[in-house]
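Just below is one structure, and these are the notes that go with it.
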Amino acid sequence: MYDNIISTDNLLAAWKEFLKGKRSKKDVQYFQYKLADNILELYNNLKDKTYTHGGYYAFKISDPKPRDIHKAIVRDRLLHHAIYRILYPYFDPIFIYDSYSCRKRRDTHRALNRFTYFSRVVSKNHRQTLWVLKCDIRKFFASIDQDILLETLKKHIVDENVIWIIQNVVSSFQSTAPRKGLPLGNLTSQLLVNIYMNKFDHFMKHVIKAKYYIRYADDFVVMSVDKEWLIRIVPMIQKFLADELSLQLHPNKLSITTLASGIDFLGWVHFPSHKTLRTATKKRMLGRLKRTNKKPEIIQSYLGLLSHGNAKKIRRRI
């Protein structure tokens with residue numbers, strides 16, 4: 001499997017995928033100027049295991065809340081794509097159906113549609129009061145325990161060289177504590193957090209028996225007409241996350257409320273008969289349109305997003 005990751009064919013294919021939307025970047029152009037030499041050098045470093053992951057350029061974004069992004073150099077980001085291309089097809093089938101973050105055919109729109117479908121099924125077309133437990137994991141990416149992650153990977157990956165290269169990538173970053181955290185800017189991080197949370201997803205489905213459970217990255221919801229059951233499972237969820245994954249629920253973002261009162265999930269506020277765009281999301285959209293020089297593409301993207309809910313006014317404004 002390691003040979004599949006580091007092969008020049010895979011590195012070249014990974015480069016083509018990495019290049020999309022980045023051709024105008026100076027660091028990318030510089031790497032491409034001597035592409036054959038750079039890929040061959042990377043291949044040789046990986047083959048003789050002299051490769052060492054470089055550092056990161058850090059910056060902040062608001063999407064909508066402030067986030068710390070860490071960007072690796074082009075060579076390392078190319079490797080991230082090469083690793084992702086080989087590992088994703090293996091791991092994706094072991095994830096539960098209702099895990100939606102950073103997966104093919106499991107985007108935000110699918111998660112929103114699933115939320116609507118579940119709400120209708122559980123409430124019997126809104127003839128019964130639907131209660132929704134909504135949770136958010138505190139400092140999700142920064143709290144990932146690298147040792148737990150690597151032990152999880154070893155249960156699935158036999159090739160020690162694959163573990164070595166993933167460990168090289170993972171250990172290149174740490175947040176506020178040693179051996180903690182994954183960088184938001186790495187493509188590999190998107191896959192690795194799903195691998196990390198897969199154990200929790202299966203716990204929710206097979207131990208908690210939460211049939212109507214949806215997770216998108218660090219946000220998840222559980223639906224039921226039984227409010228008391230939702231209250232009872234919260235301590236079980238907290239204990240599992242703490243004991244097995246060294247994670248904590250955000251105390252200010254844990255709620256059990258009715259759908260009729262409005263559930264804020266994935267940028268939309270959901271009600272029994274409709275959903276409306278979150279106010280912060282509207283402001284972010286309009287602010288980005290004022291700043292960006294790629295308005296036609298962004299407008300089409302936003303109009304596609306807004307078609308999934310009640311947003312006629314903001315669509316006309318855009």
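We name chains A, B, ... following the order of the structure tokens; residues begin at 1 in each chain, and ligands are numbered from 1 as shown.
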
Could you tell me, as a VMD selection string, which residues of region 122-267 of chain A DSSP assigns to strand (DSSP E or B) when given the backbone? chain A and resid 131 to 137 145 180 213 to 216 219 to 224 249 255 to 258 263 to 265

Quick one: residues within 10 Å of Ile6 (chain A), only C-alpha atoms, excluding same-chain residues fewer than 4 positions away - as a list in words? Met1, Tyr2, Asn10, Leu11, Ile39, Leu42, Tyr43, Asn44, Asn45, Leu46, Lys47, Leu79, Ala82, Ile83, Ile86, Val162 and Ile165 of chain A

Keeping C-alpha atoms for every residue in the selection just given, could you write it to a file as a PDB file, in the first residue's frame?
```pdb
ATOM      1  CA  MET A   1       0.000   0.000   0.000  1.00  0.00           C
ATOM      2  CA  TYR A   2       2.909   2.360   0.717  1.00  0.00           C
ATOM      3  CA  ASN A  10      -0.080   8.432  -7.948  1.00  0.00           C
ATOM      4  CA  LEU A  11       1.993  11.550  -7.282  1.00  0.00           C
ATOM      5  CA  ILE A  39       8.111  14.919  -8.039  1.00  0.00           C
ATOM      6  CA  LEU A  42       9.722  13.725  -3.435  1.00  0.00           C
ATOM      7  CA  TYR A  43       9.456  10.128  -4.641  1.00  0.00           C
ATOM      8  CA  ASN A  44      13.096   9.418  -3.728  1.00  0.00           C
ATOM      9  CA  ASN A  45      12.693  11.010  -0.293  1.00  0.00           C
ATOM     10  CA  LEU A  46       9.640   8.844   0.348  1.00  0.00           C
ATOM     11  CA  LYS A  47      11.258   5.702  -1.025  1.00  0.00           C
ATOM     12  CA  LEU A  79       1.768  14.391  -0.530  1.00  0.00           C
ATOM     13  CA  ALA A  82      -1.377  11.356  -2.723  1.00  0.00           C
ATOM     14  CA  ILE A  83      -2.177   9.831   0.680  1.00  0.00           C
ATOM     15  CA  ILE A  86      -5.241   5.839  -1.715  1.00  0.00           C
ATOM     16  CA  VAL A 162       1.992   3.763   5.618  1.00  0.00           C
ATOM     17  CA  ILE A 165       4.223   8.504   6.567  1.00  0.00           C
TER      18      ILE A 165
END
```

Non-local contacts of Leu245 (chain A) (9 Å; only C-alpha atoms; under 6 positions in same chain excluded) as a list in words: Ile144, Asp145, Ile148, Leu149, Tyr196, Met197, Lys199 and Phe200 of chain A

Shell around Thr257 (chain A) at 7 Å using only C-alpha atoms, local window under 2 positions removed, as a ChimeraX atom specification: /A:131-133,255,259,261

Based on the selection just made, write N, CA, C and O atoms of those residues as a PDB file, in the first residue's frame.
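The new file again03.pdb reads:
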```pdb
ATOM      1  N   TRP A 131     -38.367  16.415  19.282  1.00  0.00           N
ATOM      2  CA  TRP A 131     -37.287  16.973  20.078  1.00  0.00           C
ATOM      3  C   TRP A 131     -35.954  16.671  19.393  1.00  0.00           C
ATOM      4  O   TRP A 131     -35.752  15.580  18.859  1.00  0.00           O
ATOM      5  N   VAL A 132     -35.058  17.654  19.422  1.00  0.00           N
ATOM      6  CA  VAL A 132     -33.756  17.499  18.767  1.00  0.00           C
ATOM      7  C   VAL A 132     -32.638  17.805  19.764  1.00  0.00           C
ATOM      8  O   VAL A 132     -32.584  18.909  20.323  1.00  0.00           O
ATOM      9  N   LEU A 133     -31.790  16.803  19.985  1.00  0.00           N
ATOM     10  CA  LEU A 133     -30.566  17.013  20.755  1.00  0.00           C
ATOM     11  C   LEU A 133     -29.491  17.488  19.784  1.00  0.00           C
ATOM     12  O   LEU A 133     -29.185  16.813  18.815  1.00  0.00           O
ATOM     13  N   SER A 255     -28.013  21.514  23.364  1.00  0.00           N
ATOM     14  CA  SER A 255     -29.411  21.892  23.573  1.00  0.00           C
ATOM     15  C   SER A 255     -30.332  20.738  23.234  1.00  0.00           C
ATOM     16  O   SER A 255     -30.006  19.874  22.413  1.00  0.00           O
ATOM     17  N   LEU A 259     -38.402  21.075  17.321  1.00  0.00           N
ATOM     18  CA  LEU A 259     -38.209  21.575  15.963  1.00  0.00           C
ATOM     19  C   LEU A 259     -39.039  22.837  15.732  1.00  0.00           C
ATOM     20  O   LEU A 259     -38.616  23.746  15.008  1.00  0.00           O
ATOM     21  N   SER A 261     -39.507  25.263  17.597  1.00  0.00           N
ATOM     22  CA  SER A 261     -38.838  26.467  18.116  1.00  0.00           C
ATOM     23  C   SER A 261     -37.639  26.867  17.262  1.00  0.00           C
ATOM     24  O   SER A 261     -37.052  27.920  17.486  1.00  0.00           O
TER      25      SER A 261
END
```

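In this model, the gap between CA of Tyr84 (chain A) and CA of Leu187 (chain A) comes to 7.2 Å.
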
Selection: 8 Å around His81 (chain A), only C-alpha atoms, excl. self and same-chain fewer than 4 positions, as a ChimeraX atom specification: /A:14-15,17-18,77,85,187-188

Just write the chosen residues, N, CA and C atoms, as an mmCIF file, in the first residue's frame.
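The result, written out as again.cif:
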```cif
data_model
loop_
_atom_site.group_PDB
_atom_site.id
_atom_site.type_symbol
_atom_site.label_atom_id
_atom_site.label_comp_id
_atom_site.auth_asym_id
_atom_site.auth_seq_id
_atom_site.Cartn_x
_atom_site.Cartn_y
_atom_site.Cartn_z
ATOM 1 N N ALA A 14 -2.168 12.926 -8.202
ATOM 2 C CA ALA A 14 -2.451 13.796 -7.062
ATOM 3 C C ALA A 14 -2.159 15.251 -7.420
ATOM 4 N N TRP A 15 -1.106 15.477 -8.205
ATOM 5 C CA TRP A 15 -0.771 16.832 -8.622
ATOM 6 C C TRP A 15 -1.892 17.440 -9.469
ATOM 7 N N GLU A 17 -5.027 16.782 -9.363
ATOM 8 C CA GLU A 17 -6.150 17.105 -8.480
ATOM 9 C C GLU A 17 -5.834 18.332 -7.620
ATOM 10 N N PHE A 18 -4.612 18.384 -7.128
ATOM 11 C CA PHE A 18 -4.195 19.495 -6.290
ATOM 12 C C PHE A 18 -4.209 20.815 -7.051
ATOM 13 N N ARG A 77 1.625 19.513 0.598
ATOM 14 C CA ARG A 77 0.209 19.420 0.213
ATOM 15 C C ARG A 77 0.007 18.426 -0.927
ATOM 16 N N ARG A 85 -5.773 10.029 -1.854
ATOM 17 C CA ARG A 85 -6.266 9.277 -3.016
ATOM 18 C C ARG A 85 -6.289 7.768 -2.749
ATOM 19 N N LEU A 187 -5.566 18.441 3.641
ATOM 20 C CA LEU A 187 -6.588 17.549 3.087
ATOM 21 C C LEU A 187 -6.658 16.261 3.893
ATOM 22 N N THR A 188 -5.525 15.768 4.345
ATOM 23 C CA THR A 188 -5.512 14.529 5.134
ATOM 24 C C THR A 188 -6.321 14.685 6.421
#
```

Give me the residues within 10 Å of Ile166 (chain A) as a tab-separated table (two decimals) with all heavy atoms, in the first residue's frame, counting only C-alpha atoms and dropping any in the same chain fewer than 2 places off.
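What ended up in around_14.tsv:
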```tsv
chain	number	residue	atom	x	y	z
A	80	HIS	N	-0.17	15.16	0.73
A	80	HIS	CA	-1.48	14.98	1.37
A	80	HIS	C	-2.49	14.41	0.35
A	80	HIS	O	-3.25	13.50	0.67
A	80	HIS	CB	-2.01	16.31	1.90
A	80	HIS	CG	-1.13	16.96	2.91
A	80	HIS	ND1	-1.26	18.29	3.28
A	80	HIS	CD2	-0.08	16.47	3.64
A	80	HIS	CE1	-0.35	18.58	4.19
A	80	HIS	NE2	0.37	17.51	4.42
A	83	ILE	N	-1.72	10.70	-0.41
A	83	ILE	CA	-2.18	9.83	0.68
A	83	ILE	C	-3.70	9.69	0.63
A	83	ILE	O	-4.25	8.58	0.72
A	83	ILE	CB	-1.74	10.39	2.05
A	83	ILE	CG1	-0.22	10.34	2.19
A	83	ILE	CG2	-2.40	9.62	3.19
A	83	ILE	CD1	0.32	11.07	3.42
A	150	LEU	N	-3.46	7.42	15.79
A	150	LEU	CA	-2.51	6.47	15.20
A	150	LEU	C	-2.81	5.03	15.61
A	150	LEU	O	-2.67	4.11	14.80
A	150	LEU	CB	-1.08	6.85	15.56
A	150	LEU	CG	-0.57	8.13	14.89
A	150	LEU	CD1	0.71	8.62	15.53
A	150	LEU	CD2	-0.38	7.92	13.40
A	153	LEU	N	-5.63	3.89	13.44
A	153	LEU	CA	-5.16	3.60	12.09
A	153	LEU	C	-4.45	2.24	12.03
A	153	LEU	O	-4.59	1.50	11.06
A	153	LEU	CB	-4.21	4.70	11.61
A	153	LEU	CG	-4.87	6.05	11.30
A	153	LEU	CD1	-3.82	7.14	11.14
A	153	LEU	CD2	-5.72	5.96	10.05
A	160	GLU	N	3.54	-0.95	7.83
A	160	GLU	CA	4.14	-0.03	8.79
A	160	GLU	C	4.65	1.24	8.12
A	160	GLU	O	4.74	2.30	8.76
A	160	GLU	CB	5.28	-0.72	9.54
A	160	GLU	CG	4.82	-1.83	10.46
A	160	GLU	CD	5.95	-2.50	11.21
A	160	GLU	OE1	7.12	-2.11	10.97
A	160	GLU	OE2	5.69	-3.39	12.03
A	161	ASN	N	4.99	1.14	6.85
A	161	ASN	CA	5.47	2.33	6.14
A	161	ASN	C	4.36	3.35	5.93
A	161	ASN	O	4.60	4.56	5.94
A	161	ASN	CB	6.08	1.94	4.79
A	161	ASN	CG	7.40	1.21	4.94
A	161	ASN	OD1	8.16	1.48	5.86
A	161	ASN	ND2	7.67	0.27	4.04
A	162	VAL	N	3.13	2.85	5.74
A	162	VAL	CA	1.99	3.76	5.62
A	162	VAL	C	1.77	4.48	6.95
A	162	VAL	O	1.54	5.70	6.98
A	162	VAL	CB	0.71	3.00	5.20
A	162	VAL	CG1	-0.49	3.94	5.17
A	162	VAL	CG2	0.90	2.37	3.83
A	163	ILE	N	1.86	3.74	8.05
A	163	ILE	CA	1.74	4.36	9.37
A	163	ILE	C	2.83	5.39	9.56
A	163	ILE	O	2.59	6.50	10.09
A	163	ILE	CB	1.80	3.29	10.48
A	163	ILE	CG1	0.62	2.30	10.36
A	163	ILE	CG2	1.82	3.94	11.87
A	163	ILE	CD1	-0.73	2.93	10.54
A	164	TRP	N	4.05	5.07	9.10
A	164	TRP	CA	5.18	6.01	9.24
A	164	TRP	C	4.91	7.33	8.54
A	164	TRP	O	5.14	8.39	9.11
A	164	TRP	CB	6.46	5.37	8.69
A	164	TRP	CG	7.60	6.35	8.61
A	164	TRP	CD1	8.40	6.75	9.65
A	164	TRP	CD2	8.04	7.07	7.46
A	164	TRP	NE1	9.31	7.68	9.20
A	164	TRP	CE2	9.12	7.89	7.87
A	164	TRP	CE3	7.63	7.09	6.12
A	164	TRP	CZ2	9.78	8.74	6.98
A	164	TRP	CZ3	8.30	7.93	5.23
A	164	TRP	CH2	9.35	8.74	5.66
A	168	ASN	N	4.30	10.95	10.18
A	168	ASN	CA	5.14	12.09	9.79
A	168	ASN	C	4.28	13.33	9.55
A	168	ASN	O	4.61	14.43	10.00
A	168	ASN	CB	5.92	11.72	8.53
A	168	ASN	CG	7.14	12.58	8.30
A	168	ASN	OD1	7.08	13.79	8.40
A	168	ASN	ND2	8.26	11.94	8.00
A	169	VAL	N	3.16	13.13	8.85
A	169	VAL	CA	2.25	14.25	8.56
A	169	VAL	C	1.56	14.73	9.84
A	169	VAL	O	1.51	15.93	10.12
A	169	VAL	CB	1.20	13.84	7.51
A	169	VAL	CG1	0.16	14.94	7.33
A	169	VAL	CG2	1.87	13.52	6.18
A	170	VAL	N	1.04	13.79	10.63
A	170	VAL	CA	0.27	14.14	11.83
A	170	VAL	C	1.16	14.86	12.85
A	170	VAL	O	0.77	15.88	13.42
A	170	VAL	CB	-0.36	12.88	12.45
A	170	VAL	CG1	-0.93	13.17	13.83
A	170	VAL	CG2	-1.46	12.35	11.53
A	171	SER	N	2.35	14.33	13.09
A	171	SER	CA	3.22	14.90	14.12
A	171	SER	C	3.87	16.22	13.70
A	171	SER	O	4.54	16.86	14.51
A	171	SER	CB	4.30	13.89	14.51
A	171	SER	OG	5.14	13.60	13.40
A	172	SER	N	3.68	16.61	12.44
A	172	SER	CA	4.25	17.89	11.98
A	172	SER	C	3.51	19.07	12.59
A	172	SER	O	3.95	20.22	12.47
A	172	SER	CB	4.16	17.97	10.45
A	172	SER	OG	2.81	18.06	10.02
A	188	THR	N	-5.52	15.77	4.35
A	188	THR	CA	-5.51	14.53	5.13
A	188	THR	C	-6.32	14.68	6.42
A	188	THR	O	-6.93	13.72	6.89
A	188	THR	CB	-4.07	14.13	5.49
A	188	THR	OG1	-3.38	15.27	6.01
A	188	THR	CG2	-3.32	13.61	4.28
A	192	LEU	N	-8.84	12.07	8.24
A	192	LEU	CA	-8.42	11.52	9.54
A	192	LEU	C	-9.43	11.81	10.64
A	192	LEU	O	-9.63	10.97	11.53
A	192	LEU	CB	-7.05	12.08	9.92
A	192	LEU	CG	-5.88	11.61	9.03
A	192	LEU	CD1	-4.58	12.32	9.43
A	192	LEU	CD2	-5.70	10.10	9.09
```

Between A:Gln248, A:Thr52, A:Gln300, A:Thr258, which one has atoms that come closest to Val222 (chain A), using only C-alpha atoms?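 Closest to Val222 (chain A) of all the choices is A:Thr258.
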
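Closest to Tyr30 (chain A) among A:Val269, A:Ile5, A:Ile73, A:Leu286 is A:Ile73, based on only C-alpha atoms.
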
Using only C-alpha atoms, determine which residues lie at most 12 Å from Leu230 (chain A), disregarding the query and same-chain residues fewer than 2 positions distant; provide the list as JSON, numbers by chain. {"A": [130, 131, 132, 133, 134, 135, 208, 209, 210, 212, 213, 221, 222, 223, 224, 225, 226, 227, 228, 232, 233, 234, 235, 236, 237, 254, 255, 256, 257, 258]}

Please, could you write that set of residues out with N, CA, C and O atoms as a short mmCIF file (atom, residue, chain, number, x, y, z; two decimals), in the first residue's frame?
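Ended up saving to again.cif:
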```
data_model
loop_
_atom_site.label_atom_id
_atom_site.label_comp_id
_atom_site.auth_asym_id
_atom_site.auth_seq_id
_atom_site.Cartn_x
_atom_site.Cartn_y
_atom_site.Cartn_z
N LEU A 130 -41.51 16.97 17.92
CA LEU A 130 -40.17 16.43 17.67
C LEU A 130 -39.15 17.18 18.51
O LEU A 130 -39.05 18.41 18.45
N TRP A 131 -38.37 16.42 19.28
CA TRP A 131 -37.29 16.97 20.08
C TRP A 131 -35.95 16.67 19.39
O TRP A 131 -35.75 15.58 18.86
N VAL A 132 -35.06 17.65 19.42
CA VAL A 132 -33.76 17.50 18.77
C VAL A 132 -32.64 17.80 19.76
O VAL A 132 -32.58 18.91 20.32
N LEU A 133 -31.79 16.80 19.98
CA LEU A 133 -30.57 17.01 20.75
C LEU A 133 -29.49 17.49 19.78
O LEU A 133 -29.18 16.81 18.82
N LYS A 134 -28.94 18.66 20.04
CA LYS A 134 -27.92 19.23 19.18
C LYS A 134 -26.65 19.43 19.99
O LYS A 134 -26.69 20.03 21.08
N CYS A 135 -25.52 18.95 19.47
CA CYS A 135 -24.25 19.02 20.19
C CYS A 135 -23.13 19.50 19.27
O CYS A 135 -23.19 19.34 18.06
N ILE A 208 -25.97 3.38 21.73
CA ILE A 208 -27.04 4.32 22.10
C ILE A 208 -28.33 4.00 21.35
O ILE A 208 -29.42 4.31 21.81
N LYS A 209 -28.20 3.34 20.18
CA LYS A 209 -29.35 3.01 19.34
C LYS A 209 -30.06 4.26 18.82
O LYS A 209 -31.30 4.33 18.77
N ALA A 210 -29.26 5.26 18.47
CA ALA A 210 -29.80 6.51 17.94
C ALA A 210 -30.03 6.33 16.44
O ALA A 210 -29.12 6.55 15.63
N TYR A 212 -31.95 8.02 14.46
CA TYR A 212 -32.05 9.29 13.72
C TYR A 212 -30.94 10.24 14.19
O TYR A 212 -31.18 11.19 14.94
N TYR A 213 -29.75 9.92 13.74
CA TYR A 213 -28.52 10.62 14.14
C TYR A 213 -27.80 11.09 12.89
O TYR A 213 -27.66 10.34 11.92
N VAL A 221 -26.66 15.88 15.55
CA VAL A 221 -28.01 15.96 16.09
C VAL A 221 -28.58 14.55 16.26
O VAL A 221 -28.21 13.62 15.53
N VAL A 222 -29.46 14.42 17.23
CA VAL A 222 -30.22 13.18 17.44
C VAL A 222 -31.68 13.59 17.60
O VAL A 222 -32.00 14.51 18.37
N MET A 223 -32.58 12.92 16.88
CA MET A 223 -34.00 13.25 16.91
C MET A 223 -34.81 12.17 17.61
O MET A 223 -34.52 10.98 17.48
N SER A 224 -35.83 12.62 18.35
CA SER A 224 -36.72 11.68 19.02
C SER A 224 -37.98 12.42 19.47
O SER A 224 -37.96 13.64 19.66
N VAL A 225 -39.06 11.67 19.65
CA VAL A 225 -40.26 12.26 20.26
C VAL A 225 -40.20 12.13 21.78
O VAL A 225 -41.06 12.64 22.48
N ASP A 226 -39.17 11.42 22.27
CA ASP A 226 -39.00 11.17 23.70
C ASP A 226 -37.91 12.09 24.25
O ASP A 226 -36.71 11.78 24.16
N LYS A 227 -38.31 13.19 24.84
CA LYS A 227 -37.34 14.15 25.38
C LYS A 227 -36.52 13.53 26.51
O LYS A 227 -35.30 13.76 26.61
N GLU A 228 -37.16 12.73 27.37
CA GLU A 228 -36.46 12.13 28.51
C GLU A 228 -35.33 11.21 28.05
O GLU A 228 -34.28 11.15 28.70
N ARG A 232 -31.31 11.44 28.93
CA ARG A 232 -30.55 10.32 29.53
C ARG A 232 -29.29 9.98 28.75
O ARG A 232 -28.30 9.52 29.34
N ILE A 233 -29.32 10.15 27.44
CA ILE A 233 -28.15 9.72 26.65
C ILE A 233 -27.01 10.75 26.67
O ILE A 233 -25.88 10.41 26.32
N VAL A 234 -27.27 11.97 27.11
CA VAL A 234 -26.22 13.00 27.11
C VAL A 234 -25.03 12.59 27.97
O VAL A 234 -23.87 12.67 27.51
N PRO A 235 -25.22 12.15 29.23
CA PRO A 235 -24.05 11.72 30.02
C PRO A 235 -23.30 10.55 29.39
O PRO A 235 -22.06 10.47 29.52
N MET A 236 -24.00 9.65 28.73
CA MET A 236 -23.35 8.52 28.07
C MET A 236 -22.47 9.01 26.92
O MET A 236 -21.35 8.51 26.72
N ILE A 237 -22.98 9.99 26.18
CA ILE A 237 -22.20 10.57 25.08
C ILE A 237 -20.97 11.27 25.62
O ILE A 237 -19.85 11.09 25.10
N LEU A 254 -24.88 22.84 23.61
CA LEU A 254 -25.65 21.62 23.83
C LEU A 254 -27.08 22.04 24.13
O LEU A 254 -27.32 22.81 25.05
N SER A 255 -28.01 21.51 23.36
CA SER A 255 -29.41 21.89 23.57
C SER A 255 -30.33 20.74 23.23
O SER A 255 -30.01 19.87 22.41
N ILE A 256 -31.48 20.73 23.90
CA ILE A 256 -32.58 19.81 23.57
C ILE A 256 -33.82 20.68 23.40
O ILE A 256 -34.38 21.17 24.38
N THR A 257 -34.22 20.90 22.17
CA THR A 257 -35.34 21.80 21.89
C THR A 257 -36.26 21.18 20.83
O THR A 257 -35.88 20.23 20.14
N THR A 258 -37.43 21.74 20.71
CA THR A 258 -38.38 21.24 19.71
C THR A 258 -38.05 21.83 18.34
O THR A 258 -37.51 22.94 18.23
#
```

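Between CA of Ala111 (chain A) and CA of Leu78 (chain A) the interatomic distance comes to 29.2 Å.
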
Can you tell me, as a ChimeraX atom specification, which residues in region 17-262 of chain A count as alpha helix (DSSP H) by DSSP? /A:17-19,26-33,35-47,74-91,108-122,140-143,146-154,160-170,187-206,227-245

Which distance in Å separates CA of Ala142 (chain A) and CA of Gln174 (chain A), to one decimal? 7.8 Å
